[in-house]
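As stored in coords.pdb (PDB, C-alpha atoms):
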```
MODEL        1
ATOM      1  CA  MET A   1     -21.705   9.306  33.928  1.00  0.00           C
ATOM      2  CA  SER A   2     -21.365  12.110  31.406  1.00  0.00           C
ATOM      3  CA  GLU A   3     -18.689  12.655  28.755  1.00  0.00           C
ATOM      4  CA  ARG A   4     -16.835  15.093  30.961  1.00  0.00           C
ATOM      5  CA  ASN A   5     -16.674  12.857  34.030  1.00  0.00           C
ATOM      6  CA  TYR A   6     -15.407   9.778  32.119  1.00  0.00           C
ATOM      7  CA  GLU A   7     -11.927   8.868  33.311  1.00  0.00           C
ATOM      8  CA  VAL A   8      -9.536   7.550  30.629  1.00  0.00           C
ATOM      9  CA  GLY A   9      -6.968   5.000  31.822  1.00  0.00           C
ATOM     10  CA  TYR A  10      -5.973   1.334  31.822  1.00  0.00           C
ATOM     11  CA  GLY A  11      -8.854  -0.692  30.382  1.00  0.00           C
ATOM     12  CA  LYS A  12     -10.839   2.504  29.749  1.00  0.00           C
ATOM     13  CA  PRO A  13     -10.059   3.811  26.240  1.00  0.00           C
ATOM     14  CA  PRO A  14     -11.425   7.141  25.101  1.00  0.00           C
ATOM     15  CA  ARG A  15     -14.985   6.755  23.844  1.00  0.00           C
ATOM     16  CA  HIS A  16     -14.233   8.295  20.457  1.00  0.00           C
ATOM     17  CA  SER A  17     -11.652   5.597  19.688  1.00  0.00           C
ATOM     18  CA  ARG A  18     -13.706   2.563  20.740  1.00  0.00           C
ATOM     19  CA  PHE A  19     -15.223   0.184  18.203  1.00  0.00           C
ATOM     20  CA  ARG A  20     -18.723   1.251  17.273  1.00  0.00           C
ATOM     21  CA  THR A  21     -21.591  -1.183  17.668  1.00  0.00           C
ATOM     22  CA  GLY A  22     -21.910  -3.279  14.507  1.00  0.00           C
ATOM     23  CA  GLU A  23     -18.538  -2.144  13.192  1.00  0.00           C
ATOM     24  CA  PRO A  24     -16.171  -4.968  12.180  1.00  0.00           C
ATOM     25  CA  SER A  25     -13.229  -5.481  14.490  1.00  0.00           C
ATOM     26  CA  ALA A  26      -9.577  -5.440  13.471  1.00  0.00           C
ATOM     27  CA  ASN A  27      -9.393  -9.223  13.977  1.00  0.00           C
ATOM     28  CA  PRO A  28     -12.674 -10.611  12.622  1.00  0.00           C
ATOM     29  CA  ARG A  29     -11.666 -14.292  12.642  1.00  0.00           C
ATOM     30  CA  GLY A  30     -10.213 -14.241  16.132  1.00  0.00           C
ATOM     31  CA  ARG A  31      -7.023 -15.894  17.307  1.00  0.00           C
ATOM     32  CA  PRO A  32      -5.675 -18.364  14.741  1.00  0.00           C
ATOM     33  CA  ARG A  33      -5.849 -21.992  15.825  1.00  0.00           C
ATOM     34  CA  LYS A  34      -3.054 -24.527  15.366  1.00  0.00           C
ATOM     35  CA  ASN A  35      -3.243 -26.706  12.296  1.00  0.00           C
ATOM     36  CA  MET A  36      -3.345 -30.509  12.395  1.00  0.00           C
ATOM     37  CA  THR A  37       0.361 -30.901  11.606  1.00  0.00           C
ATOM     38  CA  ALA A  38       1.398 -28.647  14.492  1.00  0.00           C
ATOM     39  CA  LEU A  39      -0.892 -30.493  16.895  1.00  0.00           C
ATOM     40  CA  LEU A  40       0.461 -33.868  15.740  1.00  0.00           C
ATOM     41  CA  VAL A  41       4.100 -32.803  16.091  1.00  0.00           C
ATOM     42  CA  GLU A  42       3.424 -31.297  19.510  1.00  0.00           C
ATOM     43  CA  GLY A  43       1.671 -34.463  20.698  1.00  0.00           C
ATOM     44  CA  LEU A  44       4.368 -36.811  19.398  1.00  0.00           C
ATOM     45  CA  ASN A  45       7.144 -34.786  21.037  1.00  0.00           C
ATOM     46  CA  LYS A  46       5.670 -35.084  24.556  1.00  0.00           C
ATOM     47  CA  LYS A  47       7.784 -37.032  27.025  1.00  0.00           C
ATOM     48  CA  VAL A  48       6.438 -40.249  28.562  1.00  0.00           C
ATOM     49  CA  THR A  49       7.983 -42.606  31.124  1.00  0.00           C
ATOM     50  CA  VAL A  50       8.795 -46.067  29.784  1.00  0.00           C
ATOM     51  CA  THR A  51      10.106 -49.129  31.628  1.00  0.00           C
ATOM     52  CA  GLU A  52      12.760 -50.983  29.623  1.00  0.00           C
ATOM     53  CA  ASN A  53      14.742 -53.884  31.104  1.00  0.00           C
ATOM     54  CA  GLY A  54      13.506 -52.967  34.578  1.00  0.00           C
ATOM     55  CA  ARG A  55      14.679 -49.360  34.289  1.00  0.00           C
ATOM     56  CA  ARG A  56      12.474 -46.313  33.896  1.00  0.00           C
ATOM     57  CA  ARG A  57      13.412 -43.622  31.427  1.00  0.00           C
ATOM     58  CA  LYS A  58      11.749 -40.720  29.695  1.00  0.00           C
ATOM     59  CA  VAL A  59      11.371 -40.855  25.916  1.00  0.00           C
ATOM     60  CA  THR A  60       9.198 -39.011  23.439  1.00  0.00           C
ATOM     61  CA  LEU A  61       5.870 -40.496  22.498  1.00  0.00           C
ATOM     62  CA  ARG A  62       7.181 -40.817  18.953  1.00  0.00           C
ATOM     63  CA  GLU A  63      10.056 -43.058  20.143  1.00  0.00           C
ATOM     64  CA  ALA A  64       7.711 -45.158  22.300  1.00  0.00           C
ATOM     65  CA  ILE A  65       5.291 -45.754  19.432  1.00  0.00           C
ATOM     66  CA  THR A  66       8.115 -46.618  17.053  1.00  0.00           C
ATOM     67  CA  SER A  67       9.692 -49.114  19.435  1.00  0.00           C
ATOM     68  CA  GLN A  68       6.284 -50.753  20.072  1.00  0.00           C
ATOM     69  CA  LEU A  69       5.677 -51.029  16.336  1.00  0.00           C
ATOM     70  CA  ILE A  70       9.104 -52.585  15.804  1.00  0.00           C
ATOM     71  CA  ASN A  71       8.591 -55.061  18.659  1.00  0.00           C
ATOM     72  CA  GLN A  72       5.139 -56.097  17.375  1.00  0.00           C
ATOM     73  CA  SER A  73       6.533 -56.462  13.871  1.00  0.00           C
ATOM     74  CA  ALA A  74       9.334 -58.684  15.195  1.00  0.00           C
ATOM     75  CA  SER A  75       6.788 -60.921  16.915  1.00  0.00           C
ATOM     76  CA  ALA A  76       5.166 -61.747  13.517  1.00  0.00           C
ATOM     77  CA  ASP A  77       2.246 -59.309  13.729  1.00  0.00           C
ATOM     78  CA  LEU A  78       1.451 -58.851  10.030  1.00  0.00           C
ATOM     79  CA  ARG A  79      -0.435 -55.565  10.446  1.00  0.00           C
ATOM     80  CA  ALA A  80       2.436 -54.060  12.417  1.00  0.00           C
ATOM     81  CA  THR A  81       4.915 -55.325   9.805  1.00  0.00           C
ATOM     82  CA  LYS A  82       2.939 -53.706   6.977  1.00  0.00           C
ATOM     83  CA  MET A  83       2.684 -50.419   8.881  1.00  0.00           C
ATOM     84  CA  LEU A  84       6.420 -50.503   9.609  1.00  0.00           C
ATOM     85  CA  LEU A  85       7.305 -51.176   5.966  1.00  0.00           C
ATOM     86  CA  ASP A  86       5.043 -48.312   4.851  1.00  0.00           C
ATOM     87  CA  LEU A  87       6.753 -45.979   7.331  1.00  0.00           C
ATOM     88  CA  ILE A  88      10.168 -47.059   6.074  1.00  0.00           C
ATOM     89  CA  LYS A  89       9.160 -46.400   2.448  1.00  0.00           C
ATOM     90  CA  ASP A  90       7.814 -42.941   3.349  1.00  0.00           C
ATOM     91  CA  ALA A  91      10.983 -42.094   5.260  1.00  0.00           C
ATOM     92  CA  GLU A  92      13.157 -43.185   2.332  1.00  0.00           C
ATOM     93  CA  ARG A  93      11.055 -41.129  -0.106  1.00  0.00           C
ATOM     94  CA  GLN A  94      11.327 -38.051   2.101  1.00  0.00           C
ATOM     95  CA  THR A  95      15.079 -38.534   2.477  1.00  0.00           C
ATOM     96  CA  ALA A  96      15.518 -38.874  -1.295  1.00  0.00           C
ATOM     97  CA  ALA A  97      13.370 -35.793  -1.927  1.00  0.00           C
ATOM     98  CA  ALA A  98      15.314 -33.775   0.656  1.00  0.00           C
ATOM     99  CA  ALA A  99      18.620 -34.881  -0.843  1.00  0.00           C
ATOM    100  CA  ALA A 100      17.430 -33.907  -4.321  1.00  0.00           C
ATOM    101  CA  ALA A 101      16.273 -30.520  -3.050  1.00  0.00           C
ATOM    102  CA  ALA A 102      19.517 -29.933  -1.159  1.00  0.00           C
ATOM    103  CA  ALA A 103      21.707 -30.814  -4.138  1.00  0.00           C
ATOM    104  CA  PRO A 104      22.989 -27.684  -5.814  1.00  0.00           C
ATOM    105  CA  ASP A 105      21.783 -26.933  -9.297  1.00  0.00           C
ATOM    106  CA  PRO A 106      24.205 -28.300 -11.848  1.00  0.00           C
ATOM    107  CA  ALA A 107      26.494 -25.555 -13.012  1.00  0.00           C
ATOM    108  CA  PRO A 108      26.233 -24.637 -16.666  1.00  0.00           C
ATOM    109  CA  PRO A 109      28.820 -26.535 -18.706  1.00  0.00           C
ATOM    110  CA  PHE A 110      30.634 -23.342 -19.685  1.00  0.00           C
ATOM    111  CA  THR A 111      30.779 -19.876 -18.236  1.00  0.00           C
ATOM    112  CA  LYS A 112      31.243 -16.769 -20.388  1.00  0.00           C
ATOM    113  CA  ALA A 113      34.988 -16.849 -19.775  1.00  0.00           C
ATOM    114  CA  ASP A 114      35.125 -20.522 -20.801  1.00  0.00           C
ATOM    115  CA  GLU A 115      33.246 -19.762 -24.004  1.00  0.00           C
ATOM    116  CA  GLU A 116      35.687 -16.959 -24.842  1.00  0.00           C
ATOM    117  CA  VAL A 117      38.659 -19.283 -24.301  1.00  0.00           C
ATOM    118  CA  VAL A 118      37.084 -21.946 -26.526  1.00  0.00           C
ATOM    119  CA  GLU A 119      36.420 -19.361 -29.261  1.00  0.00           C
ATOM    120  CA  GLN A 120      40.063 -18.207 -29.128  1.00  0.00           C
ATOM    121  CA  LEU A 121      41.277 -21.800 -29.296  1.00  0.00           C
ATOM    122  CA  ILE A 122      39.059 -22.507 -32.314  1.00  0.00           C
ATOM    123  CA  GLU A 123      40.409 -19.404 -34.073  1.00  0.00           C
ATOM    124  CA  ARG A 124      44.013 -20.465 -33.370  1.00  0.00           C
ATOM    125  CA  LEU A 125      43.376 -23.985 -34.662  1.00  0.00           C
ATOM    126  CA  ARG A 126      41.608 -22.634 -37.738  1.00  0.00           C
ATOM    127  CA  HIS A 127      44.545 -20.296 -38.465  1.00  0.00           C
ATOM    128  CA  GLN A 128      47.077 -23.105 -37.930  1.00  0.00           C
ATOM    129  CA  ILE A 129      45.181 -25.490 -40.213  1.00  0.00           C
ATOM    130  CA  LEU A 130      44.930 -22.846 -42.960  1.00  0.00           C
ATOM    131  CA  THR A 131      48.675 -22.082 -42.795  1.00  0.00           C
ATOM    132  CA  GLU A 132      49.488 -25.801 -42.893  1.00  0.00           C
ATOM    133  CA  MET A 133      47.182 -26.259 -45.890  1.00  0.00           C
ATOM    134  CA  LYS A 134      48.864 -23.337 -47.713  1.00  0.00           C
ATOM    135  CA  ALA A 135      52.308 -24.742 -46.916  1.00  0.00           C
ATOM    136  CA  ALA A 136      51.297 -28.192 -48.172  1.00  0.00           C
ATOM    137  CA  GLU A 137      49.854 -26.695 -51.340  1.00  0.00           C
ATOM    138  CA  ALA A 138      53.012 -24.640 -51.942  1.00  0.00           C
ATOM    139  CA  SER A 139      55.248 -27.691 -51.466  1.00  0.00           C
ATOM    140  CA  ARG A 140      53.066 -29.672 -53.898  1.00  0.00           C
ATOM    141  CA  GLU A 141      53.410 -26.947 -56.500  1.00  0.00           C
ATOM    142  CA  THR A 142      57.204 -26.890 -56.132  1.00  0.00           C
ATOM    143  CA  THR A 143      57.441 -30.662 -56.425  1.00  0.00           C
ATOM    144  CA  GLN A 144      55.240 -30.643 -59.521  1.00  0.00           C
ATOM    145  CA  ALA A 145      57.307 -27.835 -61.105  1.00  0.00           C
ATOM    146  CA  GLU A 146      60.593 -29.699 -60.640  1.00  0.00           C
ATOM    147  CA  PRO A 147      61.059 -32.756 -62.809  1.00  0.00           C
ATOM    148  CA  ALA A 148      61.654 -35.945 -60.951  1.00  0.00           C
ATOM    149  CA  PRO A 149      65.300 -37.090 -60.998  1.00  0.00           C
ATOM    150  CA  PRO A 150      65.934 -40.097 -63.268  1.00  0.00           C
ATOM    151  CA  ALA A 151      66.008 -43.415 -61.558  1.00  0.00           C
ATOM    152  CA  GLU A 152      69.468 -44.927 -61.409  1.00  0.00           C
ATOM    153  CA  GLU A 153      70.020 -48.582 -61.911  1.00  0.00           C
TER     154      GLU A 153
ENDMDL
END
```

Would you mind giving the structure from this file in structure tokens?
Amino acid sequence: MSERNYEVGYGKPPRHSRFRTGEPSANPRGRPRKNMTALLVEGLNKKVTVTENGRRRKVTLREAITSQLINQSASADLRATKMLLDLIKDAERQTAAAAAAAAPDPAPPFTKADEEVVEQLIERLRHQILTEMKAAEASRETTQAEPAPPAEE
């Protein structure tokens, strides 16, 4: 088949735009694989059929494992009890960390407007104190200038 007779179409790209031999492709690592966390979550969220009290119901694998662990722990299995306590501690730690992360940052004690109001209040108080001090000083001077009236017996 020569260049002229080559038919371009679905699955047949033009030869000039194909990848050359030895040339790196646009996706050298291939399709990305799922990580361990994604695989674990996917596996634990699968539904399984469980018989409880003579009735069949579908629950997630995560729920089934948890209920088995709780039942074994209740029947005095020490390994199951330790595993359950470790899971409880981890869950509490994660809950506390999430609550701390979700809590809003504490607001600054004063905003700019608050600081301006405080400055104005300080200036007013300072002015009032100075006027009171001047008035007290003036009244002291007038009382010292006037002789004290004689004491009557």

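Separating atom CA of Lys89 of chain A from atom CA of Thr51 of chain A is a distance of 29.3 Å.
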
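A search radius of 12 Å centred on (6.9, -35.4, 21.0), applied to only C-alpha atoms, returns the residues Ala38, Leu39, Leu40, Val41, Glu42, Gly43, Leu44, Asn45, Lys46, Lys47, Val48, Lys58, Val59, Thr60, Leu61, Arg62, Glu63, Ala64, Ile65 and Thr66 of chain A.
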
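You will find atom CA of Val117 of chain A at 21.2 Å from atom CA of Thr131 of chain A.
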
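Rounded to one decimal, atom CA of Thr142 of chain A and atom CA of Leu125 of chain A lie 25.7 Å from each other.
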
Given 3 Å of margin on each side, can you work out the centre and size in Å (one decimal) of an axis-aligned box holding every listed atom of segment 112-124 of chain A, as AutoDock Vina command-line options?
```
--center_x 37.6 --center_y -19.6 --center_z -26.9 --size_x 18.8 --size_y 11.7 --size_z 20.3
```
